[in-house]
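K.L.:
One file is attached below, upload06.cif, containing mmCIF, C-alpha atoms.
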data_start
#
loop_
_atom_site.group_PDB
_atom_site.id
_atom_site.type_symbol
_atom_site.label_atom_id
_atom_site.label_comp_id
_atom_site.auth_asym_id
_atom_site.auth_seq_id
_atom_site.Cartn_x
_atom_site.Cartn_y
_atom_site.Cartn_z
ATOM 1 C CA MET N 1 -4.252 17.678 -11.837
ATOM 2 C CA ARG N 2 -4.554 13.896 -12.090
ATOM 3 C CA ASN N 3 -3.575 13.642 -15.755
ATOM 4 C CA PRO N 4 0.092 12.696 -16.270
ATOM 5 C CA ALA N 5 -0.097 14.268 -19.733
ATOM 6 C CA CYS N 6 -0.281 17.672 -18.051
ATOM 7 C CA TYR N 7 3.188 17.394 -16.539
ATOM 8 C CA SER N 8 5.793 19.742 -17.933
ATOM 9 C CA GLN N 9 8.744 17.401 -17.298
ATOM 10 C CA PRO N 10 9.252 13.722 -16.452
ATOM 11 C CA GLY N 11 11.047 12.389 -13.405
ATOM 12 C CA SER N 12 11.811 14.258 -10.237
ATOM 13 C CA GLU N 13 11.251 17.684 -11.862
ATOM 14 C CA ALA N 14 7.642 16.991 -12.868
ATOM 15 C CA ILE N 15 5.234 19.618 -11.532
ATOM 16 C CA LEU N 16 1.937 21.029 -12.711
ATOM 17 C CA PRO N 17 2.501 23.428 -15.629
ATOM 18 C CA ALA N 18 0.109 26.008 -14.196
ATOM 19 C CA VAL N 19 2.510 26.602 -11.327
ATOM 20 C CA GLY N 20 4.989 29.308 -12.162
ATOM 21 C CA ARG N 21 8.640 28.747 -11.328
ATOM 22 C CA SER N 22 10.013 32.235 -11.782
ATOM 23 C CA VAL N 23 9.931 33.186 -8.098
ATOM 24 C CA ALA N 24 10.689 31.321 -4.902
ATOM 25 C CA ALA N 25 7.111 31.522 -3.665
ATOM 26 C CA ALA N 26 5.843 29.857 -6.800
ATOM 27 C CA ARG N 27 8.392 27.111 -6.364
ATOM 28 C CA GLY N 28 6.996 26.514 -2.895
ATOM 29 C CA VAL N 29 3.510 26.095 -4.329
ATOM 30 C CA GLY N 30 4.882 23.728 -6.981
ATOM 31 C CA THR N 31 6.463 21.572 -4.306
ATOM 32 C CA ALA N 32 3.235 21.437 -2.322
ATOM 33 C CA LEU N 33 1.188 20.390 -5.358
ATOM 34 C CA ARG N 34 3.717 18.011 -6.905
ATOM 35 C CA ILE N 35 2.492 14.537 -7.783
ATOM 36 C CA LEU N 36 4.459 11.652 -9.205
ATOM 37 C CA ASP N 37 4.533 10.895 -12.906
ATOM 38 C CA ALA N 38 3.975 7.538 -14.604
ATOM 39 C CA ALA N 39 7.661 6.582 -14.543
ATOM 40 C CA GLU N 40 7.954 7.330 -10.833
ATOM 41 C CA LEU N 41 4.797 5.353 -10.058
ATOM 42 C CA ALA N 42 6.156 2.416 -12.035
ATOM 43 C CA ARG N 43 9.370 2.610 -9.997
ATOM 44 C CA ILE N 44 7.373 2.643 -6.760
ATOM 45 C CA GLU N 45 5.300 -0.366 -7.809
ATOM 46 C CA GLN N 46 8.460 -2.287 -8.669
ATOM 47 C CA LEU N 47 9.916 -1.499 -5.251
ATOM 48 C CA LEU N 48 6.678 -2.554 -3.549
ATOM 49 C CA ILE N 49 6.836 -5.877 -5.372
ATOM 50 C CA GLN N 50 10.468 -6.336 -4.322
ATOM 51 C CA CYS N 51 9.568 -5.578 -0.691
ATOM 52 C CA SER N 52 6.693 -8.062 -0.896
ATOM 53 C CA LYS N 53 8.876 -10.838 -2.295
ATOM 54 C CA ALA N 54 11.647 -10.180 0.211
ATOM 55 C CA ALA N 55 9.220 -10.229 3.153
ATOM 56 C CA ASP N 56 7.600 -13.458 1.945
ATOM 57 C CA GLN N 57 10.948 -15.220 1.548
ATOM 58 C CA GLU N 58 12.452 -13.907 4.789
ATOM 59 C CA VAL N 59 9.552 -15.000 6.988
ATOM 60 C CA ASN N 60 9.066 -18.363 5.262
ATOM 61 C CA GLU N 61 12.738 -19.237 5.639
ATOM 62 C CA ARG N 62 12.863 -17.979 9.196
ATOM 63 C CA GLU N 63 9.843 -20.074 10.179
ATOM 64 C CA TYR N 64 10.382 -23.189 8.037
ATOM 65 C CA GLY N 65 13.957 -23.232 6.796
ATOM 66 C CA PRO N 66 15.790 -22.229 3.584
ATOM 67 C CA GLY N 67 13.733 -22.794 0.443
ATOM 68 C CA LYS N 68 10.696 -23.995 2.368
ATOM 69 C CA LYS N 69 7.171 -22.604 2.678
ATOM 70 C CA PRO N 70 3.917 -23.705 4.359
ATOM 71 C CA ASP N 71 1.507 -26.042 2.575
ATOM 72 C CA ASP N 72 -2.277 -25.606 2.623
ATOM 73 C CA ALA N 73 -2.736 -27.676 5.782
ATOM 74 C CA GLU N 74 -0.165 -25.570 7.624
ATOM 75 C CA CYS N 75 -1.782 -22.366 6.364
ATOM 76 C CA GLU N 76 -5.159 -23.375 7.794
ATOM 77 C CA ARG N 77 -3.789 -24.663 11.096
ATOM 78 C CA VAL N 78 -5.347 -22.922 14.102
ATOM 79 C CA VAL N 79 -2.532 -21.618 16.298
ATOM 80 C CA ARG N 80 -4.688 -20.086 19.028
ATOM 81 C CA HIS N 81 -7.999 -18.365 19.698
ATOM 82 C CA VAL N 82 -8.435 -14.615 20.114
ATOM 83 C CA ASP N 83 -11.707 -13.423 21.662
ATOM 84 C CA GLY N 84 -13.123 -16.850 20.930
ATOM 85 C CA LYS N 85 -12.199 -16.731 17.245
ATOM 86 C CA PRO N 86 -9.587 -19.007 15.639
ATOM 87 C CA LEU N 87 -6.329 -17.421 14.554
ATOM 88 C CA ARG N 88 -4.944 -19.463 11.687
ATOM 89 C CA ARG N 89 -1.302 -19.786 10.750
ATOM 90 C CA ARG N 90 -1.829 -17.887 7.476
ATOM 91 C CA MET N 91 -3.025 -14.868 9.469
ATOM 92 C CA GLU N 92 -0.059 -15.066 11.803
ATOM 93 C CA LEU N 93 2.377 -15.336 8.898
ATOM 94 C CA GLY N 94 0.652 -12.436 7.150
ATOM 95 C CA THR N 95 1.202 -10.201 10.164
ATOM 96 C CA MET N 96 4.893 -11.123 10.260
ATOM 97 C CA LYS N 97 5.317 -10.493 6.546
ATOM 98 C CA HIS N 98 3.544 -7.144 6.717
ATOM 99 C CA ALA N 99 6.001 -5.994 9.387
ATOM 100 C CA VAL N 100 8.990 -6.904 7.216
ATOM 101 C CA ALA N 101 7.431 -5.326 4.114
ATOM 102 C CA PHE N 102 6.672 -2.075 5.977
ATOM 103 C CA ALA N 103 10.273 -1.872 7.166
ATOM 104 C CA CYS N 104 11.393 -2.293 3.560
ATOM 105 C CA VAL N 105 9.039 0.453 2.342
ATOM 106 C CA ARG N 106 10.226 2.856 5.010
ATOM 107 C CA ARG N 107 13.839 2.063 4.169
ATOM 108 C CA GLU N 108 13.554 2.300 0.379
ATOM 109 C CA LEU N 109 10.529 4.360 -0.688
ATOM 110 C CA SER N 110 10.618 6.882 2.127
ATOM 111 C CA ARG N 111 14.228 7.563 1.183
ATOM 112 C CA LEU N 112 13.495 8.045 -2.512
ATOM 113 C CA PHE N 113 10.103 9.771 -2.251
ATOM 114 C CA PRO N 114 9.935 11.248 1.275
ATOM 115 C CA ASP N 115 7.217 13.785 0.429
ATOM 116 C CA ASN N 116 4.942 11.421 -1.480
ATOM 117 C CA VAL N 117 4.797 8.118 0.436
ATOM 118 C CA SER N 118 2.812 7.338 3.599
ATOM 119 C CA VAL N 119 2.847 3.965 5.377
ATOM 120 C CA GLU N 120 -0.381 2.946 7.135
ATOM 121 C CA PRO N 121 -2.022 6.385 7.234
ATOM 122 C CA ARG N 122 -5.534 6.438 8.689
ATOM 123 C CA TYR N 123 -8.187 8.429 6.854
ATOM 124 C CA GLY N 124 -11.589 9.639 7.912
ATOM 125 C CA PHE N 125 -13.963 11.846 5.961
ATOM 126 C CA ASP N 126 -14.734 15.515 6.553
ATOM 127 C CA ALA N 127 -18.406 15.768 7.502
ATOM 128 C CA ARG N 128 -18.810 19.026 5.582
ATOM 129 C CA THR N 129 -16.975 18.271 2.346
ATOM 130 C CA GLY N 130 -16.937 14.459 2.311
ATOM 131 C CA ARG N 131 -13.240 14.553 1.443
ATOM 132 C CA PRO N 132 -10.674 12.274 3.099
ATOM 133 C CA VAL N 133 -8.651 13.710 5.969
ATOM 134 C CA LEU N 134 -6.059 12.180 8.260
ATOM 135 C CA THR N 135 -7.555 11.015 11.537
ATOM 136 C CA GLU N 136 -6.757 9.040 14.679
ATOM 137 C CA ARG N 137 -10.317 7.761 15.006
ATOM 138 C CA TRP N 138 -10.839 4.071 14.246
ATOM 139 C CA VAL N 139 -14.611 4.107 13.725
ATOM 140 C CA GLY N 140 -15.512 4.665 10.082
ATOM 141 C CA SER N 141 -11.886 5.177 9.037
ATOM 142 C CA LEU N 142 -9.689 3.485 6.436
ATOM 143 C CA ARG N 143 -6.032 2.499 6.832
ATOM 144 C CA PRO N 144 -4.376 1.373 3.597
ATOM 145 C CA ASP N 145 -0.895 -0.109 3.773
ATOM 146 C CA VAL N 146 0.825 2.345 1.422
ATOM 147 C CA VAL N 147 -0.494 5.620 0.015
ATOM 148 C CA ILE N 148 1.106 7.737 -2.698
ATOM 149 C CA ARG N 149 -0.009 11.293 -2.114
ATOM 150 C CA PHE N 150 0.532 14.894 -3.089
ATOM 151 C CA ALA N 151 3.770 16.271 -1.695
ATOM 152 C CA LYS N 152 3.190 17.956 1.662
ATOM 153 C CA GLU N 153 -0.561 17.288 1.377
ATOM 154 C CA PRO N 154 -1.074 13.831 2.901
ATOM 155 C CA SER N 155 -4.861 14.029 2.655
ATOM 156 C CA ARG N 156 -4.719 14.304 -1.139
ATOM 157 C CA VAL N 157 -4.326 10.756 -2.389
ATOM 158 C CA GLN N 158 -2.759 9.762 -5.705
ATOM 159 C CA CYS N 159 -2.652 5.930 -5.427
ATOM 160 C CA VAL N 160 -3.431 3.286 -2.793
ATOM 161 C CA TYR N 161 -1.751 -0.109 -2.300
ATOM 162 C CA ASP N 162 -2.274 -2.986 0.147
ATOM 163 C CA PHE N 163 0.156 -5.828 0.732
ATOM 164 C CA LYS N 164 -1.395 -9.292 0.670
ATOM 165 C CA PHE N 165 0.457 -12.507 1.424
ATOM 166 C CA PRO N 166 -1.646 -15.435 0.147
ATOM 167 C CA CYS N 167 -0.762 -18.703 1.821
ATOM 168 C CA THR N 168 -2.852 -21.446 0.202
ATOM 169 C CA LYS N 169 -2.360 -22.587 -3.369
ATOM 170 C CA ALA N 170 -5.756 -21.268 -4.482
ATOM 171 C CA SER N 171 -5.317 -17.824 -2.942
ATOM 172 C CA LYS N 172 -1.862 -17.459 -4.487
ATOM 173 C CA SER N 173 -3.219 -18.071 -7.991
ATOM 174 C CA ASN N 174 -6.204 -15.729 -7.646
ATOM 175 C CA PRO N 175 -6.057 -13.392 -4.626
ATOM 176 C CA LEU N 176 -8.837 -11.200 -6.046
ATOM 177 C CA ALA N 177 -11.297 -14.084 -5.719
ATOM 178 C CA SER N 178 -11.952 -13.029 -2.129
ATOM 179 C CA PRO N 179 -15.203 -11.000 -1.814
ATOM 180 C CA GLU N 180 -13.871 -9.361 1.357
ATOM 181 C CA LEU N 181 -10.769 -8.163 -0.466
ATOM 182 C CA LEU N 182 -12.826 -6.719 -3.312
ATOM 183 C CA GLN N 183 -15.009 -4.886 -0.816
ATOM 184 C CA GLN N 184 -11.885 -3.486 0.814
ATOM 185 C CA LEU N 185 -10.607 -2.148 -2.513
ATOM 186 C CA GLU N 186 -14.007 -0.648 -3.221
ATOM 187 C CA ARG N 187 -13.894 1.233 0.081
ATOM 188 C CA TYR N 188 -10.461 2.573 -0.816
ATOM 189 C CA GLU N 189 -11.915 4.136 -3.958
ATOM 190 C CA ALA N 190 -13.584 6.717 -1.715
ATOM 191 C CA LEU N 191 -10.113 8.111 -0.963
ATOM 192 C CA GLY N 192 -9.844 9.365 -4.550
ATOM 193 C CA GLY N 193 -6.713 9.242 -6.633
ATOM 194 C CA HIS N 194 -6.164 8.731 -10.343
ATOM 195 C CA CYS N 195 -5.335 4.999 -10.296
ATOM 196 C CA PRO N 196 -7.590 2.193 -9.024
ATOM 197 C CA PRO N 197 -6.610 0.779 -5.613
ATOM 198 C CA ALA N 198 -4.301 -2.227 -5.961
ATOM 199 C CA ILE N 199 -2.942 -5.136 -3.982
ATOM 200 C CA ILE N 200 0.683 -6.279 -4.018
ATOM 201 C CA THR N 201 1.409 -10.004 -3.726
ATOM 202 C CA PRO N 202 4.753 -11.843 -3.942
ATOM 203 C CA GLN N 203 3.324 -14.175 -6.591
ATOM 204 C CA LEU N 204 1.525 -11.817 -8.994
ATOM 205 C CA GLY N 205 2.897 -8.373 -8.192
ATOM 206 C CA VAL N 206 0.352 -5.594 -8.724
ATOM 207 C CA SER N 207 -3.276 -6.708 -9.087
ATOM 208 C CA ARG N 208 -6.322 -4.502 -9.611
ATOM 209 C CA ASP N 209 -9.984 -5.384 -9.821
#
Show the structure stored in the file as C-alpha cells.

P.N.:
Amino acid sequence: MRNPACYSQPGSEAILPAVGRSVAAARGVGTALRILDAAELARIEQLLIQCSKAADQEVNEREYGPGKKPDDAECERVVRHVDGKPLRRRMELGTMKHAVAFACVRRELSRLFPDNVSVEPRYGFDARTGRPVLTERWVGSLRPDVVIRFAKEPSRVQCVYDFKFPCTKASKSNPLASPELLQQLERYEALGGHCPPAIITPQLGVSRD
C-alpha cells in the first residue's frame, strides 16, 4: 500500500488497484484508502516550500523593513524570560513565521488536498497495537507541523513535515546539524509512512536526515 508503483493511475485518480471500482460501495472504499502519488507529493512539497519562503519574508519585512532580516546578534538577543528561561528573538520570530506558514498551508493545501492534509495533528500510540492514533493528550504524544495521510483515515500517516525557520547564518546553511532536531525527526519515524520525516526551510527547501 506504500509503493507508488502499485497505483493504477497517476494524479487525482490514483487509488490502490486491489480496490474495485465497479460499484459505488467499492468506490467508497477506494476513497477511504486513497494515498497520494509521487507527483502529488512533489506538488505538496513545492507548496510547503513556497509557504515557508513567504512566511519568512513576510515576518522579516514586517519586523525589520523591506528587504531586511535579523543578523546573528539579533537572533540571539534575549527578549524576555519565560518560567526563568530566556526566550531569544529567533524563537519569537519562529513562532510568528509558523503562524503565517500554517495559514498558507490551510489556504492552499487544504483546498487542493482536503482529505489528505492535516495541520498540527497530535498523535499518541495505541497501547494494544502500538500504532499511532489521534489524541488530545500531551504526555507522550507527537505533534508534527504537517502530515500527509490516507484519505479519511487521519491516523494512517503517509509523510511528515516540520517547518523550521533558521535565524543564524550557521543554522541556515546546515539546519540538520542540530542534535535536538535529528532526535525529533527520529521520533516522527514511529508514526510510519513511506517517506522519511523531513523539515522545510526557506533556505534549503526539503531536508531529510

K.L.:
Give as a list in words the residues that the PyMOL selection byres ((chain N and resi 58-74) around 7) matches when applied to the coordinates above.

P.N.:
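Evaluating the PyMOL selection byres ((chain N and resi 58-74) around 7) on this file yields Ala54, Ala55, Asp56, Gln57, Cys75, Glu76, Arg77, Arg89, Met96, Lys97, Thr168 and Lys169 of chain N.
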
K.L.:
Could you spell out the hits of the PyMOL selection byres ((chain N and resi 115-126) around 7) on the shown file, as JSON, numbers by chain?

P.N.:
{"N": [109, 110, 113, 114, 127, 128, 129, 130, 131, 132, 133, 134, 135, 136, 140, 141, 142, 143, 144, 145, 146, 147, 148, 149, 150, 151, 152]}

K.L.:
Restricting it to C-alpha atoms, dump the selection as a short mmCIF file (atom, residue, chain, number, x, y, z; two decimals), in the frame of the given file.

P.N.:
data_model
loop_
_atom_site.label_atom_id
_atom_site.label_comp_id
_atom_site.auth_asym_id
_atom_site.auth_seq_id
_atom_site.Cartn_x
_atom_site.Cartn_y
_atom_site.Cartn_z
CA LEU N 109 10.53 4.36 -0.69
CA SER N 110 10.62 6.88 2.13
CA PHE N 113 10.10 9.77 -2.25
CA PRO N 114 9.94 11.25 1.27
CA ALA N 127 -18.41 15.77 7.50
CA ARG N 128 -18.81 19.03 5.58
CA THR N 129 -16.98 18.27 2.35
CA GLY N 130 -16.94 14.46 2.31
CA ARG N 131 -13.24 14.55 1.44
CA PRO N 132 -10.67 12.27 3.10
CA VAL N 133 -8.65 13.71 5.97
CA LEU N 134 -6.06 12.18 8.26
CA THR N 135 -7.56 11.02 11.54
CA GLU N 136 -6.76 9.04 14.68
CA GLY N 140 -15.51 4.66 10.08
CA SER N 141 -11.89 5.18 9.04
CA LEU N 142 -9.69 3.48 6.44
CA ARG N 143 -6.03 2.50 6.83
CA PRO N 144 -4.38 1.37 3.60
CA ASP N 145 -0.90 -0.11 3.77
CA VAL N 146 0.82 2.35 1.42
CA VAL N 147 -0.49 5.62 0.02
CA ILE N 148 1.11 7.74 -2.70
CA ARG N 149 -0.01 11.29 -2.11
CA PHE N 150 0.53 14.89 -3.09
CA ALA N 151 3.77 16.27 -1.70
CA LYS N 152 3.19 17.96 1.66
#

K.L.:
Mind pulling up the distance from atom CA of Val206 of chain N to atom CA of Ser178 of chain N?

P.N.:
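Between these atoms lies a distance of 15.8 Å.
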
K.L.:
Once the PyMOL selection byres ((chain N and resi 207) around 9) is applied to the coordinates I shared, what remains selected? I want it as a ChimeraX atom specification.

P.N.:
/N:175-176,197-201,204-206,208-209

K.L.:
I'd like the interatomic distance between atom CA of Lys53 of chain N and atom CA of Asn174 of chain N, to a tenth of an Å.

P.N.:
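According to the coordinates, atom CA of Lys53 of chain N and atom CA of Asn174 of chain N are separated by 16.7 Å.
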
K.L.:
Any idea what the distance is between atom CA of Pro202 of chain N and atom CA of Val100 of chain N?

P.N.:
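Going from atom CA of Pro202 of chain N over to atom CA of Val100 of chain N, I get 12.9 Å.
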
K.L.:
Which polymer residues have any atom within 9 Å of an atom of Val79 of chain N, counting only C-alpha atoms, with same-chain residues fewer than 3 positions away left out, as a tab-separated table (two decimals) with C-alpha atoms, in the frame of the given file?

P.N.:
chain	number	residue	atom	x	y	z
N	86	PRO	CA	-9.59	-19.01	15.64
N	87	LEU	CA	-6.33	-17.42	14.55
N	88	ARG	CA	-4.94	-19.46	11.69
N	89	ARG	CA	-1.30	-19.79	10.75
N	92	GLU	CA	-0.06	-15.07	11.80

K.L.:
Given all atoms listed in the file as the basis, pick out the residue of N:Gln158, N:Cys195, N:Phe163, N:Arg187 nearest to Leu36 of chain N.

P.N.:
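The closest residue to Leu36 of chain N is N:Gln158.
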
K.L.:
Hey, which of N:Lys85, N:Arg156, N:Arg106, N:His194 ends up closest to Leu41 of chain N? Count all atoms listed in the file.

P.N.:
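That would be N:His194, the residue with the smallest distance to Leu41 of chain N.
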
K.L.:
Using all atoms listed in the file, which of N:Gly84, N:Gly193, N:Leu48, N:Leu185 sits nearest Ile35 of chain N?

P.N.:
N:Gly193

K.L.:
Using only C-alpha atoms, which residue out of N:Pro166, N:Arg80, N:Glu186, N:Ala177 lies closest to Leu93 of chain N?

P.N.:
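Closest candidate: N:Pro166.
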